[in-house]
file model-v9.cif (mmCIF, C-alpha atoms and all ligand atoms)
data_target
#
loop_
_atom_site.label_atom_id
_atom_site.label_comp_id
_atom_site.auth_asym_id
_atom_site.auth_seq_id
_atom_site.Cartn_x
_atom_site.Cartn_y
_atom_site.Cartn_z
CA MET A 1 148.40 149.57 98.47
CA GLU A 2 147.27 146.43 100.23
CA ILE A 3 143.77 146.60 101.67
CA MET A 4 142.59 144.35 104.48
CA ARG A 5 138.88 144.06 105.10
CA LEU A 6 138.08 143.50 108.76
CA VAL A 7 134.52 142.85 109.87
CA VAL A 8 133.20 143.62 113.35
CA THR A 9 130.07 141.70 114.25
CA GLY A 10 128.05 140.87 117.37
CA PRO A 11 124.70 141.50 119.09
CA VAL A 12 122.90 144.85 119.32
CA GLY A 13 124.71 147.24 121.63
CA ALA A 14 127.94 145.22 121.79
CA GLY A 15 129.76 148.34 120.53
CA LYS A 16 130.47 147.61 116.86
CA SER A 17 129.71 151.10 115.53
CA THR A 18 131.48 152.72 118.49
CA PHE A 19 134.53 150.52 117.92
CA ILE A 20 134.88 151.66 114.31
CA ARG A 21 134.20 155.31 115.14
CA SER A 22 136.94 155.23 117.80
CA VAL A 23 139.75 154.50 115.35
CA SER A 24 138.63 155.47 111.87
CA GLU A 25 140.67 158.21 110.21
CA ILE A 26 137.79 159.14 107.95
CA ASP A 27 134.30 160.19 108.95
CA VAL A 28 132.58 156.87 109.41
CA VAL A 29 129.89 156.03 106.94
CA ASP A 30 127.17 154.89 109.26
CA THR A 31 123.65 153.70 108.72
CA ASP A 32 122.40 154.16 112.26
CA ARG A 33 118.69 154.88 112.36
CA ARG A 34 116.20 155.41 115.14
CA ALA A 35 115.45 152.05 116.75
CA THR A 36 111.77 151.23 116.93
CA ASP A 37 111.84 147.67 118.22
CA GLU A 38 113.54 145.84 121.11
CA ALA A 39 116.84 147.51 120.17
CA SER A 40 115.35 150.78 121.41
CA LEU A 41 115.35 149.36 124.95
CA LEU A 42 119.14 149.47 124.83
CA LYS A 43 119.83 152.64 122.86
CA PRO A 44 118.11 155.17 120.61
CA LYS A 45 119.81 154.20 117.33
CA THR A 46 120.78 150.94 115.66
CA THR A 47 122.77 150.04 112.54
CA VAL A 48 120.53 148.97 109.66
CA ALA A 49 123.10 148.22 106.92
CA PHE A 50 126.75 148.64 107.89
CA ASP A 51 129.41 150.97 109.26
CA PHE A 52 132.51 151.73 107.25
CA GLY A 53 135.74 153.22 108.54
CA ARG A 54 139.33 153.30 107.39
CA LEU A 55 142.67 153.16 109.15
CA GLN A 56 146.09 153.50 107.52
CA PHE A 57 147.99 150.74 109.26
CA SER A 58 151.36 151.18 107.54
CA PRO A 59 152.57 153.08 104.45
CA ASP A 60 151.53 150.16 102.27
CA MET A 61 148.54 148.73 104.13
CA ALA A 62 145.10 150.23 104.81
CA LEU A 63 142.49 148.60 106.99
CA HIS A 64 138.90 148.80 105.86
CA LEU A 65 136.66 148.30 108.87
CA TYR A 66 133.10 147.12 108.37
CA GLY A 67 130.57 146.90 111.20
CA THR A 68 127.53 144.68 110.76
CA PRO A 69 124.04 145.37 112.07
CA GLY A 70 123.31 143.48 115.28
CA GLN A 71 119.76 142.52 114.39
CA ALA A 72 119.13 139.25 112.56
CA ARG A 73 116.50 140.85 110.34
CA PHE A 74 119.43 142.49 108.52
CA ASP A 75 121.33 139.23 108.16
CA PHE A 76 121.52 139.65 104.37
CA MET A 77 124.14 142.29 105.25
CA TRP A 78 126.00 139.84 107.50
CA ASP A 79 126.20 137.57 104.48
CA ILE A 80 127.48 140.26 102.11
CA LEU A 81 130.07 141.57 104.54
CA ILE A 82 131.49 138.29 105.85
CA ARG A 83 132.07 136.78 102.42
CA ARG A 84 134.70 139.39 101.60
CA ALA A 85 136.32 139.62 105.04
CA HIS A 86 139.98 138.78 105.51
CA ALA A 87 139.40 138.44 109.26
CA TYR A 88 136.68 139.29 111.74
CA MET A 89 135.90 140.00 115.35
CA LEU A 90 132.85 138.94 117.34
CA LEU A 91 132.10 141.63 119.92
CA VAL A 92 130.12 140.52 122.94
CA ALA A 93 129.00 142.66 125.90
CA ALA A 94 130.42 140.66 128.80
CA HIS A 95 127.72 141.84 131.22
CA ARG A 96 124.71 140.72 129.14
CA PRO A 97 124.66 136.91 129.44
CA ARG A 98 121.19 136.70 127.94
CA GLU A 99 122.80 137.64 124.60
CA PHE A 100 125.51 134.98 124.58
CA HIS A 101 123.26 132.47 122.89
CA TYR A 102 122.46 134.99 120.16
CA ALA A 103 126.17 135.81 119.76
CA ARG A 104 126.75 132.10 119.23
CA ARG A 105 124.12 132.09 116.48
CA ILE A 106 125.86 134.98 114.73
CA LEU A 107 129.12 133.10 114.96
CA SER A 108 127.73 129.95 113.41
CA PHE A 109 126.14 132.05 110.62
CA MET A 110 129.57 133.52 109.88
CA GLN A 111 131.44 130.23 110.14
CA ARG A 112 129.09 128.62 107.66
CA ARG A 113 130.01 131.28 105.11
CA SER A 114 133.63 132.11 105.83
CA ARG A 115 136.82 130.43 106.93
CA ALA A 116 138.42 133.76 107.77
CA PRO A 117 140.26 133.90 111.11
CA LEU A 118 138.28 135.34 113.99
CA ILE A 119 138.84 136.64 117.47
CA ILE A 120 136.38 137.42 120.26
CA GLY A 121 136.29 140.88 121.84
CA LEU A 122 134.60 141.37 125.20
CA THR A 123 133.17 144.85 125.72
CA HIS A 124 131.56 146.43 128.79
CA THR A 125 133.95 144.60 131.13
CA ASP A 126 133.88 147.76 133.27
CA GLN A 127 130.19 147.13 134.03
CA PRO A 128 128.75 145.25 137.01
CA GLY A 129 127.71 141.65 136.38
CA THR A 130 130.52 140.91 133.92
CA TRP A 131 131.10 137.21 133.27
CA ASP A 132 134.63 135.90 133.15
CA GLU A 133 136.30 134.83 129.90
CA GLU A 134 136.20 131.13 130.63
CA ASN A 135 132.44 131.03 131.16
CA ILE A 136 131.75 133.27 128.17
CA LEU A 137 133.80 130.95 125.98
CA ILE A 138 131.75 127.98 127.20
CA ALA A 139 128.52 129.89 126.49
CA LEU A 140 129.80 130.69 122.99
CA GLY A 141 130.44 127.01 122.28
CA PHE A 142 134.13 126.66 123.19
CA PRO A 143 134.19 124.31 126.20
CA ASN A 144 137.79 123.19 125.58
CA PRO A 145 140.16 125.71 127.21
CA ASP A 146 142.89 124.73 124.71
CA ARG A 147 140.79 125.18 121.58
CA HIS A 148 139.15 128.53 121.14
CA PRO A 149 139.70 131.73 119.16
CA PRO A 150 141.88 134.40 120.77
CA ILE A 151 139.85 136.50 123.21
CA VAL A 152 140.54 140.09 124.30
CA SER A 153 138.81 142.67 126.47
CA VAL A 154 138.15 145.88 124.61
CA ASP A 155 136.58 149.18 125.51
CA ALA A 156 135.03 150.23 122.21
CA THR A 157 134.95 153.85 123.38
CA GLU A 158 138.76 154.00 123.77
CA ALA A 159 140.91 154.34 120.66
CA GLY A 160 143.94 152.76 122.37
CA SER A 161 141.96 149.74 123.49
CA VAL A 162 140.43 149.30 120.03
CA ALA A 163 143.91 149.54 118.46
CA VAL A 164 145.14 146.70 120.71
CA ALA A 165 142.16 144.55 119.70
CA ILE A 166 142.85 145.22 116.00
CA MET A 167 146.52 144.30 116.49
CA THR A 168 145.44 141.02 118.10
CA LEU A 169 143.20 140.29 115.13
CA LEU A 170 145.98 141.07 112.64
CA GLN A 171 148.49 138.93 114.54
CA HIS A 172 146.04 136.04 114.59
CA TYR A 173 145.41 136.51 110.87
CA SER A 174 149.11 136.32 110.06
CA GLN A 175 149.63 133.27 112.30
CA VAL A 176 146.81 131.46 110.50
CA GLN A 177 148.26 132.47 107.11
CA GLN A 178 151.66 131.18 108.19
CA ARG A 179 150.16 127.89 109.34
CA ASN A 180 148.33 127.49 106.04
CA VAL A 181 151.59 127.98 104.13
CA GLU A 182 153.35 125.36 106.27
CA GLN A 183 150.45 122.88 106.17
CA PRO A 184 148.50 123.49 102.99
CA ALA A 185 144.92 122.19 103.09
CA PRO A 186 144.59 118.83 101.28
CA HIS A 187 142.96 118.96 97.85
CA ARG A 188 139.40 117.74 97.89
N1 LIG B 201 130.75 151.18 129.60
C1 LIG B 201 131.08 150.78 128.38
N2 LIG B 201 130.34 151.17 127.34
C2 LIG B 201 130.67 150.72 126.12
C3 LIG B 201 131.77 149.86 125.90
N3 LIG B 201 131.84 149.55 124.58
C4 LIG B 201 130.81 150.21 124.00
N4 LIG B 201 130.11 150.93 124.92
C5 LIG B 201 128.88 151.72 124.73
O1 LIG B 201 127.88 150.81 124.30
C6 LIG B 201 127.06 151.40 123.28
C7 LIG B 201 127.20 150.57 122.02
O2 LIG B 201 126.50 151.18 121.00
P1 LIG B 201 126.82 150.89 119.45
O3 LIG B 201 128.27 151.08 119.17
O4 LIG B 201 125.83 151.67 118.67
O5 LIG B 201 126.48 149.33 119.37
P2 LIG B 201 126.37 148.42 118.07
O6 LIG B 201 127.06 147.14 118.43
O7 LIG B 201 126.85 149.14 116.86
O8 LIG B 201 124.79 148.15 118.02
P3 LIG B 201 123.80 147.88 116.74
O9 LIG B 201 124.26 148.67 115.57
O10 LIG B 201 122.46 148.34 117.26
O11 LIG B 201 123.82 146.40 116.51
C8 LIG B 201 127.57 152.83 123.13
O12 LIG B 201 126.79 153.67 123.95
C9 LIG B 201 129.00 152.75 123.64
O13 LIG B 201 129.44 153.99 124.16
C10 LIG B 201 132.56 149.46 127.02
O14 LIG B 201 133.53 148.69 126.94
N5 LIG B 201 132.16 149.95 128.23
MG MG B 202 125.95 149.59 115.11
#

call {"tool": "encode", "arguments": {"input": "model-v9.cif", "output": "structure tokens", "more": "lines below"}}
Ligand SMILES: Nc1nc2c(ncn2[C@@H]2O[C@H](COP(=O)(O)OP(=O)(O)OP(=O)(O)O)[C@@H](O)[C@H]2O)c(=O)[nH]1
Ligand SMILES: [Mg+2]
result
Amino acid sequence: MEIMRLVVTGPVGAGKSTFIRSVSEIDVVDTDRRATDEASLLKPKTTVAFDFGRLQFSPDMALHLYGTPGQARFDFMWDILIRRAHAYMLLVAAHRPREFHYARRILSFMQRRSRAPLIIGLTHTDQPGTWDEENILIALGFPNPDRHPPIVSVDATEAGSVAVAIMTLLQHYSQVQQRNVEQPAPHR
């Protein structure tokens, strides 16, 4: 059985734990605890270690889904999780522009530790004050419209929407794999 480890990361309240709960076929292992700091302004509980869910993708492939904490004080978990990821998704709440800078910091943390393919998932696009994709990409450090990771809108509360986002991530992963076979990286 092939196992693919997919990591879902992003700021507090982006919807990482909800995303995994929406599609996991097992009871999600979660480490959500009562929030006592600024996270409590957004919601009562926050992830302090990781979420773990599982999805049988095909008879011979299982997806292991890991959600990171959103808070940087748990960044030792970001490190542990990203190093073993086959691919990952940065979730960003599209209606909270004050968090885009922080999302960019998470991304650069991940990119310093992993070359795994990534996509961006925009949550909360049903909320007022949502920014459009182009401006969010600029805020995340991708000013060139022809050079950025794939970006999808996803409602983390909807299993169907989450499944589409996971398919997009898997497709991107296999395209990158294919490219690497055709153009192997030069030896250093
Ligand atoms: N309206 C709306 N709500 C959403 C959407 N996606 C997620 N949510 C809600 O946003 C909240 C996200 O909470 P969590 O899933 O705990 O967020 P998290 O990213 O795991 O947060 P931390 O673990 O604290 O970093 C939940 O109340 C979800 O129901 C969306 O697309 N639209
Ligand atoms: Mg969480």

call {"tool": "closest_residue", "arguments": {"input": "model-v9.cif", "among": "A:Met1, A:Glu38, A:Gln71, A:Ala116", "to": "ligand MG 202 (chain B)", "atoms": "all atoms listed in the file"}}
result
A:Gln71

call {"tool": "residues_near_ligand", "arguments": {"input": "model-v9.cif", "ligand": "ligand LIG 201 (chain B)", "cutoff": "9 Å", "atoms": "only C-alpha atoms and all ligand atoms", "output": "number ranges by chain"}}
result
A: 8-21, 31-33, 35, 39-40, 42-51, 67-71, 91-94, 122-127, 153-158

call {"tool": "closest_residue", "arguments": {"input": "model-v9.cif", "among": "A:Ala72, A:Leu140, A:Leu90, A:Val28", "to": "Ile166 in chain A", "atoms": "all atoms listed in the file"}}
result
A:Leu90

call {"tool": "residues_around", "arguments": {"input": "model-v9.cif", "residues": "Pro150 in chain A", "least_positions_apart": "2", "cutoff": "12 Å", "atoms": "all atoms listed in the file", "output": "MDAnalysis selection string"}}
result
chainID A and resid 88:90 117:122 133:134 137 142 145:148 152:153 165:173 175:176

call {"tool": "residues_around", "arguments": {"input": "model-v9.cif", "residues": "Ser58 in chain A", "least_positions_apart": "6", "cutoff": "12 Å", "atoms": "all atoms listed in the file", "output": "MDAnalysis selection string"}}
result
chainID A and resid 1:4

call {"tool": "closest_residue", "arguments": {"input": "model-v9.cif", "among": "A:Phe74, A:Leu55, A:Arg5, A:Gln111", "to": "ligand MG 202 (chain B)", "atoms": "all atoms listed in the file"}}
result
A:Phe74

call {"tool": "atom_distance", "arguments": {"input": "model-v9.cif", "atom1": "CA of Glu25 in chain A", "atom2": "CA of Val162 in chain A"}}
result
13.3 Å

call {"tool": "closest_residue", "arguments": {"input": "model-v9.cif", "among": "A:Asp30, A:Ser108, A:Ala139, A:Leu6", "to": "ligand MG 202 (chain B)", "atoms": "all atoms listed in the file"}}
result
A:Asp30

call {"tool": "atom_distance", "arguments": {"input": "model-v9.cif", "atom1": "CA of Ile82 in chain A", "atom2": "CA of Ile106 in chain A"}}
result
11.0 Å

call {"tool": "axis_aligned_box", "arguments": {"input": "model-v9.cif", "around": "range 27-37 of chain A", "padding_each_side": "3 Å", "output": "AutoDock Vina command-line options"}}
result
--center_x 123.0 --center_y 153.9 --center_z 112.6 --size_x 28.5 --size_y 18.5 --size_z 17.3

call {"tool": "atom_distance", "arguments": {"input": "model-v9.cif", "atom1": "CA of Pro149 in chain A", "atom2": "CA of Ser22 in chain A"}}
result
23.7 Å

call {"tool": "closest_residue", "arguments": {"input": "model-v9.cif", "among": "A:Asp27, A:Ile151, A:Ser161, A:Phe52", "to": "ligand MG 202 (chain B)", "atoms": "all atoms listed in the file"}}
result
A:Phe52

call {"tool": "closest_residue", "arguments": {"input": "model-v9.cif", "among": "A:Arg34, A:Arg54, A:Arg98, A:His86", "to": "ligand MG 202 (chain B)", "atoms": "all atoms listed in the file"}}
result
A:Arg34

call {"tool": "residues_around", "arguments": {"input": "model-v9.cif", "residues": "Ile80 in chain A", "least_positions_apart": "5", "cutoff": "10 Å", "atoms": "all atoms listed in the file", "output": "list in words"}}
result
Thr68, Asp75, Ala85 and Arg113 of chain A

call {"tool": "decode", "arguments": {"input": "model-v9.cif", "residues": "range 37-53 of chain A", "atoms": "N, CA and C atoms", "output": "PDB file, in the first residue's frame"}}
result
ATOM      1  N   ASP A  37      -4.822  32.619  24.288  1.00  0.00           N
ATOM      2  CA  ASP A  37      -4.135  33.833  23.849  1.00  0.00           C
ATOM      3  C   ASP A  37      -4.931  34.485  22.725  1.00  0.00           C
ATOM      4  N   GLU A  38      -4.236  35.141  21.795  1.00  0.00           N
ATOM      5  CA  GLU A  38      -4.955  35.877  20.737  1.00  0.00           C
ATOM      6  C   GLU A  38      -5.795  34.957  19.854  1.00  0.00           C
ATOM      7  N   ALA A  39      -5.435  33.650  19.831  1.00  0.00           N
ATOM      8  CA  ALA A  39      -6.233  32.706  19.037  1.00  0.00           C
ATOM      9  C   ALA A  39      -7.669  32.641  19.557  1.00  0.00           C
ATOM     10  N   SER A  40      -7.839  32.899  20.863  1.00  0.00           N
ATOM     11  CA  SER A  40      -9.175  32.800  21.463  1.00  0.00           C
ATOM     12  C   SER A  40     -10.106  33.907  20.952  1.00  0.00           C
ATOM     13  N   LEU A  41      -9.534  34.939  20.333  1.00  0.00           N
ATOM     14  CA  LEU A  41     -10.389  35.985  19.764  1.00  0.00           C
ATOM     15  C   LEU A  41     -11.135  35.448  18.542  1.00  0.00           C
ATOM     16  N   LEU A  42     -10.525  34.446  17.894  1.00  0.00           N
ATOM     17  CA  LEU A  42     -11.126  33.893  16.686  1.00  0.00           C
ATOM     18  C   LEU A  42     -12.033  32.710  16.983  1.00  0.00           C
ATOM     19  N   LYS A  43     -11.591  31.831  17.898  1.00  0.00           N
ATOM     20  CA  LYS A  43     -12.358  30.623  18.177  1.00  0.00           C
ATOM     21  C   LYS A  43     -11.908  30.019  19.492  1.00  0.00           C
ATOM     22  N   PRO A  44     -12.760  29.166  20.089  1.00  0.00           N
ATOM     23  CA  PRO A  44     -12.449  28.702  21.447  1.00  0.00           C
ATOM     24  C   PRO A  44     -11.273  27.732  21.528  1.00  0.00           C
ATOM     25  N   LYS A  45     -11.021  26.973  20.445  1.00  0.00           N
ATOM     26  CA  LYS A  45      -9.960  25.960  20.530  1.00  0.00           C
ATOM     27  C   LYS A  45      -8.945  26.147  19.423  1.00  0.00           C
ATOM     28  N   THR A  46      -7.717  25.727  19.694  1.00  0.00           N
ATOM     29  CA  THR A  46      -6.661  25.828  18.681  1.00  0.00           C
ATOM     30  C   THR A  46      -5.798  24.574  18.726  1.00  0.00           C
ATOM     31  N   THR A  47      -5.210  24.231  17.586  1.00  0.00           N
ATOM     32  CA  THR A  47      -4.378  23.019  17.503  1.00  0.00           C
ATOM     33  C   THR A  47      -3.012  23.294  18.133  1.00  0.00           C
ATOM     34  N   VAL A  48      -2.587  22.406  19.037  1.00  0.00           N
ATOM     35  CA  VAL A  48      -1.302  22.640  19.705  1.00  0.00           C
ATOM     36  C   VAL A  48      -0.199  21.675  19.236  1.00  0.00           C
ATOM     37  N   ALA A  49      -0.540  20.623  18.514  1.00  0.00           N
ATOM     38  CA  ALA A  49       0.510  19.726  18.006  1.00  0.00           C
ATOM     39  C   ALA A  49       0.245  19.393  16.539  1.00  0.00           C
ATOM     40  N   PHE A  50      -0.780  18.597  16.269  1.00  0.00           N
ATOM     41  CA  PHE A  50      -1.137  18.321  14.875  1.00  0.00           C
ATOM     42  C   PHE A  50      -2.502  17.642  14.827  1.00  0.00           C
ATOM     43  N   ASP A  51      -3.071  17.629  13.618  1.00  0.00           N
ATOM     44  CA  ASP A  51      -4.257  16.811  13.353  1.00  0.00           C
ATOM     45  C   ASP A  51      -3.789  15.662  12.475  1.00  0.00           C
ATOM     46  N   PHE A  52      -4.447  14.525  12.608  1.00  0.00           N
ATOM     47  CA  PHE A  52      -4.139  13.417  11.707  1.00  0.00           C
ATOM     48  C   PHE A  52      -5.428  12.765  11.239  1.00  0.00           C
ATOM     49  N   GLY A  53      -5.555  12.652   9.924  1.00  0.00           N
ATOM     50  CA  GLY A  53      -6.696  11.950   9.339  1.00  0.00           C
ATOM     51  C   GLY A  53      -6.214  11.054   8.218  1.00  0.00           C
TER      52      GLY A  53
END
